[in-house]
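Next up, run12.txt (compact mmCIF, C-alpha atoms):
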```txt
# COMPACT_ATOMS: atom_id res chain seq x y z
CA MET A 4 94.06 135.20 72.37
CA VAL A 5 93.28 135.46 76.07
CA ILE A 6 95.29 133.60 78.69
CA VAL A 7 93.64 133.24 82.09
CA CYS A 8 95.96 132.82 85.06
CA PRO A 9 95.27 129.44 86.73
CA SER A 10 96.27 130.87 90.12
CA CYS A 11 94.37 134.16 90.31
CA ASP A 12 92.00 134.21 87.28
CA LEU A 13 93.46 137.42 85.85
CA ALA A 14 92.96 137.63 82.08
CA HIS A 15 96.01 138.43 79.93
CA ARG A 16 96.11 139.27 76.24
CA ALA A 17 98.71 137.24 74.37
CA GLY A 18 99.76 136.38 70.84
CA THR A 19 98.90 133.01 69.35
CA ALA A 20 102.54 132.03 68.74
CA PRO A 21 104.15 129.70 71.34
CA ALA A 22 105.97 131.58 74.08
CA VAL A 23 109.67 132.28 73.54
CA GLU A 24 110.41 132.85 77.21
CA ARG A 25 108.82 132.23 80.59
CA THR A 26 105.95 134.56 81.28
CA ARG A 27 104.50 135.19 84.69
CA CYS A 28 101.13 136.51 85.80
CA ALA A 29 101.16 140.30 86.20
CA ARG A 30 99.25 140.09 89.48
CA CYS A 31 100.21 136.93 91.41
CA ARG A 32 103.54 136.02 89.73
CA ALA A 33 102.44 132.45 88.93
CA LEU A 34 104.03 130.84 85.88
CA LEU A 35 101.77 131.38 82.85
CA GLN A 36 103.76 130.09 79.89
CA ARG A 37 106.98 128.23 79.29
CA PRO A 38 108.85 128.13 76.01
CA GLU A 39 107.91 124.70 74.70
CA ASN A 40 108.58 123.66 71.19
CA GLY A 41 110.23 120.37 72.02
CA ARG A 42 110.26 117.54 69.54
CA ILE A 43 107.90 114.65 70.16
CA ASP A 44 110.76 112.24 69.32
CA THR A 45 112.76 113.50 72.31
CA ALA A 46 109.82 112.85 74.61
CA ILE A 47 109.30 109.32 73.23
CA ALA A 48 113.02 108.55 73.59
CA LEU A 49 112.99 109.77 77.20
CA ALA A 50 109.89 107.71 77.96
CA PHE A 51 111.54 104.57 76.55
CA SER A 52 114.69 105.16 78.61
CA ALA A 53 112.56 105.69 81.71
CA LEU A 54 110.77 102.40 81.00
CA VAL A 55 114.06 100.48 80.70
CA LEU A 56 115.35 102.08 83.91
CA PHE A 57 112.07 101.23 85.64
CA VAL A 58 112.42 97.56 84.69
CA LEU A 59 116.06 97.54 85.87
CA SER A 60 115.07 99.14 89.19
CA ASN A 61 112.65 96.31 89.83
CA ALA A 62 114.76 93.46 88.49
CA TYR A 63 117.98 94.16 90.42
CA PRO A 64 118.56 94.81 94.13
CA LEU A 65 118.47 98.39 95.38
CA VAL A 66 120.73 97.68 98.34
CA VAL A 67 122.34 94.55 99.73
CA ILE A 68 123.23 94.28 103.40
CA VAL A 69 125.81 91.83 104.63
CA SER A 70 125.85 91.00 108.33
CA ASN A 71 127.38 87.94 110.02
CA GLY A 72 127.70 86.15 106.71
CA SER A 73 124.04 86.41 105.76
CA THR A 74 122.87 88.80 103.09
CA ARG A 75 119.56 90.49 102.38
CA ALA A 76 118.55 92.55 99.39
CA THR A 77 115.56 94.51 98.25
CA THR A 78 114.25 95.90 94.99
CA LEU A 79 112.06 98.95 94.43
CA VAL A 80 108.89 96.85 94.74
CA GLY A 81 110.41 95.10 97.75
CA ALA A 82 110.03 98.17 99.97
CA ALA A 83 106.25 98.07 99.56
CA LEU A 84 106.17 94.27 99.90
CA GLY A 85 108.09 94.41 103.20
CA LEU A 86 105.39 96.63 104.69
CA TYR A 87 102.68 94.40 103.26
CA ARG A 88 104.20 91.33 104.92
CA GLN A 89 103.90 93.10 108.28
CA ASP A 90 100.18 93.63 107.65
CA HIS A 91 100.50 97.37 107.12
CA VAL A 92 98.35 97.34 104.01
CA GLY A 93 97.57 101.09 104.08
CA LEU A 94 101.19 102.13 104.32
CA ALA A 95 102.26 99.45 101.83
CA SER A 96 99.78 100.68 99.22
CA LEU A 97 100.90 104.28 99.77
CA VAL A 98 104.53 103.29 99.11
CA PHE A 99 103.49 101.03 96.21
CA ILE A 100 101.42 103.73 94.51
CA THR A 101 104.01 106.49 94.85
CA THR A 102 107.09 104.46 93.85
CA VAL A 103 105.80 101.79 91.45
CA VAL A 104 102.30 102.50 90.10
CA GLY A 105 102.86 106.28 89.70
CA PRO A 106 106.04 106.13 87.59
CA PHE A 107 104.83 103.08 85.63
CA LEU A 108 101.45 104.59 84.67
CA GLN A 109 103.11 107.88 83.79
CA ILE A 110 105.64 106.24 81.46
CA VAL A 111 103.22 103.80 79.84
CA SER A 112 100.38 106.28 79.32
CA LEU A 113 102.77 108.79 77.76
CA LEU A 114 104.09 106.15 75.37
CA TYR A 115 100.51 105.13 74.54
CA LEU A 116 99.59 108.73 73.74
CA LEU A 117 102.76 109.92 72.04
CA ILE A 118 103.64 107.05 69.69
CA PRO A 119 100.41 107.31 67.61
CA LEU A 120 100.70 111.12 67.64
CA ARG A 121 104.12 110.89 66.07
CA TYR A 122 102.45 109.22 63.06
CA GLN A 123 99.63 111.81 62.94
CA ARG A 124 97.13 109.48 64.58
CA GLU A 125 95.34 109.71 67.87
CA ALA A 126 95.30 106.93 70.43
CA ARG A 127 91.96 105.34 71.26
CA GLY A 128 90.56 106.97 74.41
CA GLN A 129 93.10 109.78 74.21
CA ASN A 130 91.09 112.16 76.40
CA THR A 131 90.53 109.59 79.15
CA ILE A 132 94.19 108.55 79.21
CA PHE A 133 95.29 112.19 79.23
CA ARG A 134 93.09 112.93 82.25
CA LEU A 135 94.40 109.78 83.96
CA LEU A 136 97.95 111.01 83.33
CA ALA A 137 97.12 114.42 84.83
CA GLN A 138 95.76 112.67 87.94
CA VAL A 139 98.73 110.29 88.30
CA ARG A 140 101.48 112.87 87.81
CA PRO A 141 101.48 114.49 91.25
CA TRP A 142 101.79 111.03 92.87
CA THR A 143 105.24 110.11 91.62
CA PHE A 144 107.66 110.49 94.51
CA ILE A 145 110.80 108.79 93.15
CA GLU A 146 113.09 111.67 94.14
CA VAL A 147 111.82 111.55 97.73
CA PHE A 148 112.25 107.76 97.74
CA MET A 149 115.89 108.15 96.66
CA LEU A 150 116.60 110.46 99.57
CA GLY A 151 114.74 108.08 101.91
CA ALA A 152 116.98 105.25 100.67
CA LEU A 153 120.00 107.39 101.54
CA VAL A 154 118.67 107.92 105.07
CA ALA A 155 118.07 104.17 105.46
CA LEU A 156 121.63 103.42 104.25
CA VAL A 157 123.11 105.81 106.80
CA ARG A 158 121.05 104.27 109.60
CA LEU A 159 122.08 100.74 108.61
CA GLY A 160 125.72 101.68 108.14
CA GLY A 161 126.40 101.27 111.87
CA TYR A 162 125.09 97.72 112.04
CA ALA A 163 125.99 96.01 108.81
CA ARG A 164 128.01 96.31 105.64
CA VAL A 165 125.83 98.03 103.05
CA VAL A 166 126.44 97.51 99.34
CA PRO A 167 124.56 99.76 96.89
CA GLY A 168 122.99 97.68 94.13
CA VAL A 169 122.40 98.21 90.41
CA ALA A 170 118.87 99.45 91.05
CA LEU A 171 120.10 102.34 93.20
CA TRP A 172 121.83 103.73 90.10
CA SER A 173 119.01 102.93 87.69
CA CYS A 174 116.54 104.46 90.12
CA GLY A 175 118.64 107.64 90.29
CA PHE A 176 118.78 107.87 86.51
CA MET A 177 115.06 107.12 86.27
CA MET A 178 114.45 110.08 88.60
CA LEU A 179 116.43 112.38 86.27
CA THR A 180 114.79 110.95 83.13
CA LEU A 181 111.30 111.34 84.59
CA ALA A 182 112.05 114.95 85.56
CA ALA A 183 113.20 115.72 82.01
CA LEU A 184 110.19 113.88 80.57
CA THR A 185 107.68 115.71 82.79
CA SER A 186 109.06 119.13 81.91
CA ARG A 187 108.85 118.31 78.19
CA THR A 188 105.33 116.92 78.19
CA SER A 189 103.27 119.54 80.00
CA ALA A 190 99.56 119.66 79.26
CA GLY A 191 100.03 122.73 77.03
CA GLN A 192 102.77 121.06 75.02
CA PHE A 193 100.84 117.82 74.68
CA TRP A 194 97.75 119.54 73.23
CA ARG A 195 99.93 121.59 70.89
CA TRP A 196 101.23 118.29 69.47
CA VAL A 197 97.67 117.01 69.18
CA GLU A 198 96.53 120.13 67.37
CA ALA A 199 99.58 120.06 65.08
CA SER A 200 98.75 116.46 64.09
CA ARG A 201 95.17 117.39 63.21
CA ILE A 202 96.22 119.92 60.55
CA MET B 8 88.74 152.37 90.48
CA SER B 9 88.07 149.79 87.83
CA SER B 10 88.47 146.16 88.82
CA PRO B 11 90.88 144.11 86.69
CA GLN B 12 89.46 141.84 84.02
CA THR B 13 89.37 138.25 85.12
CA GLY B 14 88.25 135.00 83.58
CA ARG B 15 85.08 135.26 85.61
CA SER B 16 84.25 138.83 84.53
CA LEU B 17 84.85 137.91 80.89
CA GLY B 18 82.77 134.73 81.16
CA LEU B 19 85.73 132.44 80.49
CA LEU B 20 86.38 129.08 82.12
CA LEU B 21 89.85 127.59 82.43
CA CYS B 22 90.23 123.82 82.11
CA LEU B 23 92.57 122.88 84.96
CA GLN B 24 93.55 119.61 83.24
CA CYS B 25 94.62 120.83 79.80
CA ARG B 26 94.71 124.62 80.36
CA ALA B 27 92.27 125.36 77.56
CA THR B 28 90.33 128.63 77.89
CA VAL B 29 86.66 128.04 77.18
CA ARG B 30 83.76 130.45 76.85
CA ALA B 31 81.29 129.66 79.62
CA LEU B 32 78.03 128.16 78.36
CA GLN B 33 74.75 128.08 80.22
CA VAL B 34 74.67 124.31 80.68
CA SER B 35 74.47 122.46 83.98
CA HIS B 36 77.66 120.37 83.78
CA PRO B 37 80.03 121.89 81.23
CA ARG B 38 82.91 119.80 79.94
CA CYS B 39 86.12 120.87 78.26
CA PRO B 40 85.72 120.60 74.47
CA ARG B 41 89.38 119.57 74.16
CA CYS B 42 89.95 116.95 76.88
CA HIS B 43 86.39 116.38 78.22
CA ALA B 44 87.32 117.16 81.83
CA HIS B 45 84.66 118.77 84.01
CA LEU B 46 84.76 122.55 83.93
CA PHE B 47 83.94 124.82 86.83
CA GLN B 48 84.38 128.47 87.68
CA ARG B 49 85.94 127.54 91.05
CA LYS B 50 86.66 124.06 92.41
CA PRO B 51 83.36 122.84 93.94
CA HIS B 52 83.11 123.01 97.76
CA SER B 53 86.78 124.00 97.85
CA LEU B 54 86.86 125.71 101.26
CA ALA B 55 84.76 123.09 103.09
CA LEU B 56 86.73 120.15 101.65
CA THR B 57 90.10 121.75 102.36
CA ALA B 58 89.04 122.63 105.91
CA ALA B 59 87.84 119.07 106.59
CA LEU B 60 91.01 117.46 105.22
CA LEU B 61 93.19 119.94 107.06
CA LEU B 62 91.42 119.28 110.35
CA CYS B 63 91.97 115.52 109.97
CA ALA B 64 95.64 116.11 109.15
CA ALA B 65 96.10 118.38 112.18
CA ILE B 66 94.50 115.77 114.48
CA LEU B 67 96.63 112.93 113.07
CA TYR B 68 99.79 115.04 113.38
CA VAL B 69 99.68 114.35 117.16
CA PRO B 70 99.80 110.50 117.04
CA ALA B 71 102.21 110.74 114.11
CA ASN B 72 104.72 112.39 116.42
CA LEU B 73 103.92 110.60 119.68
CA LEU B 74 103.42 106.97 118.62
CA PRO B 75 106.45 104.87 117.76
CA VAL B 76 107.08 104.57 114.03
CA MET B 77 109.50 101.68 114.33
CA TYR B 78 110.39 98.87 116.75
CA THR B 79 113.87 97.39 116.69
CA ARG B 80 114.30 94.01 118.39
CA THR B 81 117.73 92.48 118.86
CA ILE B 82 118.79 89.56 121.02
CA PHE B 83 119.80 92.01 123.74
CA ASP B 84 116.96 94.50 123.91
CA GLU B 85 113.95 96.06 122.27
CA GLU B 86 113.79 99.69 121.24
CA GLN B 87 110.96 101.97 120.19
CA ASP B 88 111.57 104.87 117.88
CA THR B 89 109.34 107.88 117.35
CA ILE B 90 110.18 110.29 114.53
CA MET B 91 111.98 112.60 116.97
CA SER B 92 113.99 109.85 118.70
CA GLY B 93 115.03 108.61 115.26
CA VAL B 94 116.40 112.09 114.55
CA LEU B 95 118.27 112.10 117.89
CA THR B 96 119.75 108.65 117.16
CA LEU B 97 121.04 109.94 113.83
CA LEU B 98 122.45 113.02 115.57
CA HIS B 99 124.31 110.97 118.18
CA SER B 100 125.71 108.58 115.60
CA GLY B 101 127.48 111.57 114.10
CA SER B 102 125.58 111.97 110.84
CA TRP B 103 124.14 115.39 111.62
CA PRO B 104 123.41 116.46 107.99
CA ILE B 105 121.10 113.45 107.66
CA ALA B 106 119.59 114.20 111.09
CA VAL B 107 118.83 117.79 110.02
CA LEU B 108 117.37 116.51 106.73
CA VAL B 109 115.01 114.09 108.49
CA PHE B 110 114.07 116.70 111.11
CA VAL B 111 113.16 119.27 108.46
CA ALA B 112 111.34 116.82 106.18
CA SER B 113 109.39 114.97 108.88
CA ILE B 114 108.71 117.51 111.61
CA VAL B 115 109.15 121.04 110.26
CA VAL B 116 107.62 120.59 106.79
CA PRO B 117 104.32 118.94 107.87
CA MET B 118 103.83 121.52 110.63
CA LEU B 119 104.60 124.47 108.33
CA LYS B 120 102.32 122.95 105.73
CA ILE B 121 99.38 122.69 108.12
CA ILE B 122 99.94 126.26 109.39
CA ALA B 123 100.37 127.69 105.88
CA LEU B 124 97.21 125.96 104.61
CA CYS B 125 95.30 127.33 107.63
CA VAL B 126 96.54 130.84 106.77
CA VAL B 127 95.50 130.70 103.10
CA LEU B 128 92.22 128.97 103.95
CA PHE B 129 91.34 131.63 106.51
CA SER B 130 92.21 134.54 104.22
CA ALA B 131 90.26 132.97 101.32
CA TRP B 132 87.28 132.57 103.62
CA ARG B 133 87.55 136.16 104.93
CA ARG B 134 88.30 137.40 101.38
CA SER B 135 91.01 139.47 102.93
CA PRO B 136 92.51 141.84 100.34
CA ARG B 137 95.91 142.18 102.04
CA TYR B 138 99.16 140.34 101.20
CA ARG B 139 97.49 138.45 98.37
CA THR B 140 100.68 137.96 96.36
CA GLN B 141 102.56 136.65 99.40
CA ARG B 142 99.73 134.27 100.28
CA SER B 143 99.55 133.03 96.73
CA GLU B 144 103.31 132.38 96.77
CA LEU B 145 103.04 130.69 100.18
CA PHE B 146 100.44 128.30 98.77
CA ARG B 147 102.57 127.44 95.76
CA MET B 148 105.50 126.75 98.07
CA VAL B 149 103.31 124.37 100.10
CA GLU B 150 102.43 122.47 96.95
CA PHE B 151 106.10 122.21 96.04
CA ILE B 152 107.55 121.03 99.36
CA GLY B 153 104.67 118.82 100.52
CA ARG B 154 105.89 115.55 99.02
CA TRP B 155 109.25 115.69 100.82
CA SER B 156 107.69 114.72 104.13
CA MET B 157 107.33 111.15 102.80
CA LEU B 158 111.09 110.80 103.33
CA ASP B 159 110.93 108.96 106.65
CA VAL B 160 108.15 106.63 105.51
CA TYR B 161 110.41 105.42 102.68
CA ALA B 162 113.41 105.08 104.98
CA ILE B 163 111.33 102.98 107.40
CA SER B 164 109.92 100.83 104.60
CA LEU B 165 113.45 99.97 103.46
CA LEU B 166 114.69 99.29 107.00
CA VAL B 167 111.73 97.00 107.64
CA THR B 168 112.37 95.09 104.45
CA LEU B 169 116.12 94.77 104.91
CA VAL B 170 116.51 94.06 108.62
CA GLN B 171 114.71 90.75 108.97
CA ILE B 172 117.48 88.53 110.22
CA ARG B 173 115.24 86.99 112.85
CA SER B 174 117.87 85.68 115.23
CA LEU B 175 119.88 88.90 115.32
CA ALA B 176 117.65 91.86 114.67
CA PHE B 177 114.10 92.46 113.59
CA VAL B 178 112.54 95.76 112.65
CA SER B 179 108.79 96.23 112.57
CA VAL B 180 106.56 99.18 111.72
CA GLY B 181 104.65 101.10 114.39
CA TRP B 182 101.26 102.75 114.01
CA GLY B 183 102.93 106.16 114.16
CA ALA B 184 104.19 105.56 110.62
CA LEU B 185 100.65 105.01 109.36
CA ALA B 186 99.44 108.20 111.06
CA PHE B 187 102.40 110.00 109.56
CA GLY B 188 101.69 108.72 106.06
CA ALA B 189 98.05 109.76 106.52
CA VAL B 190 99.12 113.31 107.46
CA VAL B 191 101.18 113.57 104.28
CA VAL B 192 98.38 112.25 102.04
CA LEU B 193 95.69 114.38 103.72
CA THR B 194 97.70 117.59 103.38
CA LEU B 195 98.46 116.77 99.73
CA PHE B 196 94.72 116.34 99.08
CA ALA B 197 93.95 119.50 101.08
CA ALA B 198 96.31 121.47 98.83
CA ARG B 199 94.70 119.92 95.73
CA THR B 200 91.12 120.72 96.73
CA PHE B 201 91.99 124.32 97.62
CA ASP B 202 91.27 126.74 94.79
CA GLU B 203 93.95 129.46 94.79
CA ARG B 204 91.72 131.78 92.81
CA LEU B 205 89.49 132.18 95.87
CA LEU B 206 92.33 134.22 97.39
CA TRP B 207 91.86 136.80 94.64
CA ASP B 208 88.10 136.99 94.28
CA SER B 209 87.12 140.47 95.34
CA PRO B 210 84.51 140.92 98.06
CA PRO B 211 80.95 141.13 96.71
```
Take the structure I supplied and represent it as structure tokens, if you would.
Amino acid sequence: MVIVCPSCDLAHRAGTAPAVERTRCARCRALLQRPENGRIDTAIALAFSALVLFVLSNAYPLVVIVSNGSTRATTLVGAALGLYRQDHVGLASLVFITTVVGPFLQIVSLLYLLIPLRYQREARGQNTIFRLLAQVRPWTFIEVFMLGALVALVRLGGYARVVPGVALWSCGFMMLTLAALTSRTSAGQFWRWVEASRI
Amino acid sequence: MSSPQTGRSLGLLLCLQCRATVRALQVSHPRCPRCHAHLFQRKPHSLALTAALLLCAAILYVPANLLPVMYTRTIFDEEQDTIMSGVLTLLHSGSWPIAVLVFVASIVVPMLKIIALCVVLFSAWRRSPRYRTQRSELFRMVEFIGRWSMLDVYAISLLVTLVQIRSLAFVSVGWGALAFGAVVVLTLFAARTFDERLLWDSPP
């Protein structure tokens, strides 16, 4: 079998068995293979937990500020809505896509693809959904959003009492769950599951 | 000296979506047999697209840093904040780790990203054979750190949403924030349209 490096196009000869350790390109040091023989059940479980955490992050307040007896709170969606209300549609959609649409599409499309695969079936439109997933993946910025929330909390700390909400925790856990999910469902791994189900 | 065997010299195409290796066929628009994505030897018009996106990002980097990103109105006064003055405010309020974080993410990272993309773009265009490994690693670093410059946009979006107690304080977004968001998105697209393999293609 020949493996072509995606970063420099160098051809490598390799065995057909899945890699047992990380291999790097001999010329440009890019990552060629990762050991992936994860179970599809683990990925489905992680995707379900991410979905629950996503719902929690949008149902409960992220932060509550208390100042002079009045309180204000916001959810994950709220950050994008606040920008929208000030007529900054461009910025609002950027925040909405990277913090709400990105994670949601990633979780839902993975569930849509993986659940039928677990029962040796293939989801309708599998190829289209897979390509959609590959396009959406780089646009999930939850970890950056979490750090941004921290910066906002520090800035507000001088003016008002800031109470972290339930969603701050669920958002943090969603970030970790999504990271674990992404590393377990690389394109190579996904197509290995597909090919295993076709046998 | 024999040149190393590459996908191109062996007539193999790599699907960038699903990483399948496919034997190149003489058809006009080949598609991956596994995931049906479009296949190409090198990303089409890679250098021109990257250059155009990078130029736009470099131009917008100026208003992103000069225009106010945020207005704060209280009953006593009205303040404008650019990215840099926001960093200074954080520094004076004593939270210097956060100030350093915002400075690196919002000012250093976008600038380094634009410079680094210019370097790899220029060497891919010149087909320069020197420091290829370092340039390749520089490009991969750019891809990895790029998203972190969104930090301040998120912080502003939360401040805007939370501080709306009209009688006491009111925070609104400035156009600098939009320019800043545009820089981040444009550089992300510039990195995506750039084909790393062009750095390694030997001169004809």
Might you pull out every residue within 8 Å of B:Met157, with only C-alpha atoms counted and same-chain residues fewer than 2 positions away left off, and present them as number ranges by chain?
A: 147-148; B: 112-113, 154-155, 159-161, 188, 191
Can you write out the residues you just picked, keeping C-alpha atoms, as a tab-separated table (two decimals), keeping the file's coordinate frame?
```tsv
chain	number	residue	atom	x	y	z
A	147	VAL	CA	111.82	111.55	97.73
A	148	PHE	CA	112.25	107.76	97.74
B	112	ALA	CA	111.34	116.82	106.18
B	113	SER	CA	109.39	114.97	108.88
B	154	ARG	CA	105.89	115.55	99.02
B	155	TRP	CA	109.25	115.69	100.82
B	159	ASP	CA	110.93	108.96	106.65
B	160	VAL	CA	108.15	106.63	105.51
B	161	TYR	CA	110.41	105.42	102.68
B	188	GLY	CA	101.69	108.72	106.06
B	191	VAL	CA	101.18	113.57	104.28
```
Show me, as a list in words, the residues that have an atom within 8 Å of B:Leu193 when counting all atoms listed in the file, minus same-chain residues fewer than 5 positions from it.
Leu60, Leu61, Cys63 and Ala64 of chain B
Give me, as a list in words, the contact residues of chain B against chain A at a cut-off of 6 Å, counting only C-alpha atoms.
Gln12, Thr13, Gly14, Cys25, Cys42, Thr140, Trp155, Leu158, Tyr161, Ala162, Ser164, Leu165, Thr168, Leu185, Glu203, Arg204 and Trp207 of chain B
Rank B:Ala131, B:Leu17, B:Ala59, B:Leu32 by their smallest atom-to-atom distance to B:Phe196, using only C-alpha atoms, and report the top residue only.
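So, comparing all the options, the nearest one is B:Ala59.
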So how far away is atom CA of A:Tyr122 from atom CA of A:Ala50, in Å?
16.7 Å
Work out how far apart atom CA of B:Pro70 and atom CA of B:Thr194 are and give it in Å to one decimal.
15.5 Å
Hey, what's within 9 Å of stretch 181-185 of chain A if we count all atoms listed in the file and toss same-chain stuff fewer than 6 positions away? As a list in words, please?
Thr45, Ala46, Ile47, Leu49, Ala50, Ala53, Pro106, Gln109, Ile110, Arg140 and Ile145 of chain A
Select, from A:Cys174, A:Leu34, A:Tyr63, A:Arg16, the residue with the minimum atom-to-atom distance to B:Ser143, counting all atoms listed in the file.
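Ranked by minimum distance to B:Ser143, first place goes to A:Leu34.
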Taking 4 positions as the minimum chain separation for residues in the same chain, which residues sit within 8 Å of A:Val23 when counting only C-alpha atoms? Answer as a PyMOL selection string.
chain A and resi 37-39
For a quick check of understanding, using all atoms listed in the file, which of B:Val180, B:Val149, B:Ala27, B:Ile105 has the smallest distance to B:Pro75?
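Of the candidates, the smallest distance to B:Pro75 is held by B:Val180.
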Shell around B:Gln87 at 9 Å using all atoms listed in the file, local window under 5 positions removed, as a compact mmCIF listing (two decimals) with C-alpha atoms, in the frame of the given file:
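The result, written out as out_27.txt:
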```txt
# COMPACT_ATOMS: atom_id res chain seq x y z
CA PRO B 75 106.45 104.87 117.76
CA VAL B 76 107.08 104.57 114.03
CA MET B 77 109.50 101.68 114.33
CA TYR B 78 110.39 98.87 116.75
CA THR B 79 113.87 97.39 116.69
CA ARG B 80 114.30 94.01 118.39
CA SER B 92 113.99 109.85 118.70
CA GLY B 181 104.65 101.10 114.39
```
What gap, in Å, lies between atom CA of B:Ile114 and atom CA of B:Val190?
11.3 Å
With only C-alpha atoms as the atoms that count, which of B:Pro51, B:Leu108, B:Ala123, B:Arg26 lies nearest to A:Leu35?
B:Arg26
Within 12 Å of (86.2, 125.3, 77.8) in the file's own coordinates, which protein, DNA or RNA residues have an atom, counting only C-alpha atoms? List them as a ChimeraX atom specification.
/A:7 /B:14,18-32,34,36-48
Considering only C-alpha atoms, state which residue in the set A:Val139, A:Met178, A:Leu117, A:Val169 is at the smallest distance from A:Ala48.
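Counting only C-alpha atoms, the residue closest to A:Ala48 is A:Leu117.
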